[in-house]
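Step one of this worksheet: look at the structure below.
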Amino acid sequence: MEELKKGKKLNVAAVRAGMHRETAAKYVKAGKFPSELTLPRHWRTRVNPFAADWVEITARLADAPELEAWILLEDLATRKPGVYSAGQVRTLQRHIRRWRAQEGPPKRVFFAQEHHAGEAMQTDFTWMKKLEVTIGGELFPHMLCHTVLPYSNWEWATVCHSESLLSLKHGVQAGLFQLGRVPEFHQTDNSTGATHTLTTGKRGFNDEYEATMRYLGMTPRTIAVGESNQNGDVESLNKAVKNRVKQHLLMRRSRDFASVAVYEKWLEGVFERANGLRSEKLKEELAQMRPLGACQQL
C-alpha cells in the first residue's frame with residue numbers, strides 16, 4: 001500500500017512486499033490488510049471427547065465455579081473406568097477455559113519438578129483450618145501430616161494436631177504401608193519432631209527420629225535453615241492438597257462429618273482417587289524401592 005502511494009506499479013509494489021502480484025491485487029481490490037480479511041474460526045477441528053458428559057460438567061461448574069478440570073476428570077474417570085484418562089486433563093482445561101470466558105475467570109496450577117524415581121519421600125505438616133471442616137457441627141481445627149514421592153507426586157496424609165514426633169512417625173508409617181515399599185531417603189524440614197538446635201546453631205536429628213528412620217530402612221535428610229524451597233515439592237503440594245480437599249468438599253456439598261473416623265476414611269478416598277491418576281509413574285518408583293518388611297511396624 002505504501003509503495004502504491006509512492007506511485008509504484010502493482011507488480012513492483014508486490015515484489016517489494018514479498019508477495020505474488022495476484023495476491024497484492026486481491027488486497028488492493030478489497031482495500032483491506034491481510035489481518036482484516038482473516039475471519040475468526042467458530043467451528044471445532046476435533047470432536048469434543050467430553051461431549052457425552054458436557055451437560056453434567058457445565059452444570060457442576062455453574063453450581064461451583066471454583067471446581068477445576070482435574071477434579072472433574074478424576075470424578076468422571078472413577079465413575080466411568082476406561083472412558084477417560086489423566087492425559088485428557090489439558091483437553092478438558094481448554095474446554096473449561098472457553099466456558100469460563102463467559103462464566104468466570106480460569107484458575108490454573110502448575111507443579112513442574114524433576115526427580116529420580118524411588119529416591120526419596122518428603123514429609124511436611126500443613127494446617128487445614130481455612131477449610132472449616134466440622135465434626136457433628138463443631139469446628140474441627142487440625143493438621144495433616146503430608147507425605148509425597150516427588151517423582152510421581154504420589155501422596156498420603158494423616159490427621160494430627162501438632163508437629164510432634166509421634167505425629168510424624170504415624171504419618172510416615174501410614175504412607176509406607178500404603179506403598180508397601182521404602183525409598184532410600186526421607187526428607188523433612190527443620191520441624192521439632194525431627195530435629196533440634198545444636199550448639200553450633202545448626203539443626204541436628206533427634207535420636208528417636210534417627211532410630212525410627214534406621215528401623216524403617218531410610219536415610220534421614222533435611223533442608224538448610226531458612227531454605228524451605230529445598231523441600232519444595234511437598235511445600236507446593238501442601239497448597240495443592242488443601243485445594244484438592246476443598247474441591248472434593250465442593251463436590252460433596254457439605255463440610256460436616258459424623259465423626260473423625262468418617263472424615264479420615266473420606267480423606268483416604270480423596271488420596272486414593274488422586275493417586276489412581278499417577279499409577280504409571282508410581283510403577284517406576286516402586287520398581288526402584290525396597291520392599292517394606294512385615295516386621296517394620298512401629
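By convention in this document, the chains of the C-alpha cells carry letters A, B, ... by their order, each chain's residues are numbered from 1, and ligands are numbered from 1 in the order they are shown.
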task: Quick one: everything within 10 Å of stretch 269-282 of chain A, counting only C-alpha atoms, minus sequence neighbours fewer than 2 positions away in the same chain. Send it as a ChimeraX atom specification.
output: /A:70-71,73-75,77-78,85-87,117-118,149,151-157,178-179,241,244-245,247-249,263-267,284-287
Could you write out the selected residues, including C-alpha atoms, as an mmCIF file, in the first residue's frame?
data_model
loop_
_atom_site.group_PDB
_atom_site.id
_atom_site.type_symbol
_atom_site.label_atom_id
_atom_site.label_comp_id
_atom_site.auth_asym_id
_atom_site.auth_seq_id
_atom_site.Cartn_x
_atom_site.Cartn_y
_atom_site.Cartn_z
ATOM 1 C CA TRP A 70 -8.588 -32.303 37.321
ATOM 2 C CA ILE A 71 -11.270 -32.939 39.957
ATOM 3 C CA LEU A 73 -11.846 -35.568 35.226
ATOM 4 C CA GLU A 74 -10.969 -37.605 38.306
ATOM 5 C CA ASP A 75 -14.667 -37.958 39.140
ATOM 6 C CA ALA A 77 -12.678 -41.480 35.372
ATOM 7 C CA THR A 78 -13.739 -43.050 38.681
ATOM 8 C CA SER A 85 -7.622 -40.921 31.344
ATOM 9 C CA ALA A 86 -5.251 -38.494 33.073
ATOM 10 C CA GLY A 87 -3.813 -37.481 29.684
ATOM 11 C CA ALA A 117 12.224 -42.461 40.698
ATOM 12 C CA GLY A 118 12.081 -44.059 44.146
ATOM 13 C CA LEU A 149 7.038 -39.062 46.467
ATOM 14 C CA TYR A 151 8.951 -38.085 41.167
ATOM 15 C CA SER A 152 5.372 -39.340 40.733
ATOM 16 C CA ASN A 153 3.647 -36.878 43.117
ATOM 17 C CA TRP A 154 2.083 -39.887 44.877
ATOM 18 C CA GLU A 155 0.862 -38.626 48.244
ATOM 19 C CA TRP A 156 -0.755 -39.690 51.500
ATOM 20 C CA ALA A 157 -1.788 -37.840 54.644
ATOM 21 C CA GLN A 178 0.148 -47.804 51.571
ATOM 22 C CA LEU A 179 3.155 -48.195 49.259
ATOM 23 C CA VAL A 241 -3.650 -30.853 48.885
ATOM 24 C CA ARG A 244 -7.769 -30.916 46.376
ATOM 25 C CA VAL A 245 -9.645 -31.429 49.646
ATOM 26 C CA GLN A 247 -12.548 -29.335 45.587
ATOM 27 C CA HIS A 248 -13.810 -32.654 46.947
ATOM 28 C CA LEU A 249 -15.725 -30.820 49.671
ATOM 29 C CA TYR A 263 -13.627 -37.807 57.942
ATOM 30 C CA GLU A 264 -10.363 -39.783 57.928
ATOM 31 C CA LYS A 265 -11.938 -42.522 55.801
ATOM 32 C CA TRP A 266 -13.231 -39.871 53.390
ATOM 33 C CA LEU A 267 -9.732 -38.346 53.176
ATOM 34 C CA GLU A 284 8.596 -46.624 38.068
ATOM 35 C CA GLU A 285 9.076 -45.525 41.668
ATOM 36 C CA LEU A 286 8.064 -48.848 43.200
ATOM 37 C CA ALA A 287 10.443 -50.714 40.902
#
- request: Have a look at A:Trp127, A:Leu166, A:Trp54, A:Ala13 and name the one nearest to A:Trp99; count only C-alpha atoms.
  value: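 Selected residue with least distance to A:Trp99: A:Trp54.
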Residue with smallest distance to A:Thr58 - pool A:Ala14, A:Leu131, A:Leu72, A:Met121, counting only C-alpha atoms: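 Ranking A:Ala14, A:Leu131, A:Leu72, A:Met121 by distance to A:Thr58, first place goes to A:Leu72.
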message: Which residue is closest to A:Leu292? Choose from A:Val83, A:Leu139, A:Val182, A:Met1 and count only C-alpha atoms.
response: A:Val182
message: Which residues are close to A:Ala64, i.e. within 9 Å by only C-alpha atoms, leaving aside same-chain residues fewer than 5 positions away? Reply as a PyMOL selection string.
response: chain A and resi 59+250-251
message: Measuring between only C-alpha atoms, which one of A:Ala24, A:Leu216, A:Leu76, A:Val47 shows the shortest distance to A:Gly175?
response: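 Using only C-alpha atoms, A:Gly175 sits closest to A:Leu216.
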task: May I ask which of the residues A:His186, A:Lys239, A:Lys32, A:Arg97 is the closest one to A:Thr126, counting only C-alpha atoms?
output: A:Lys239
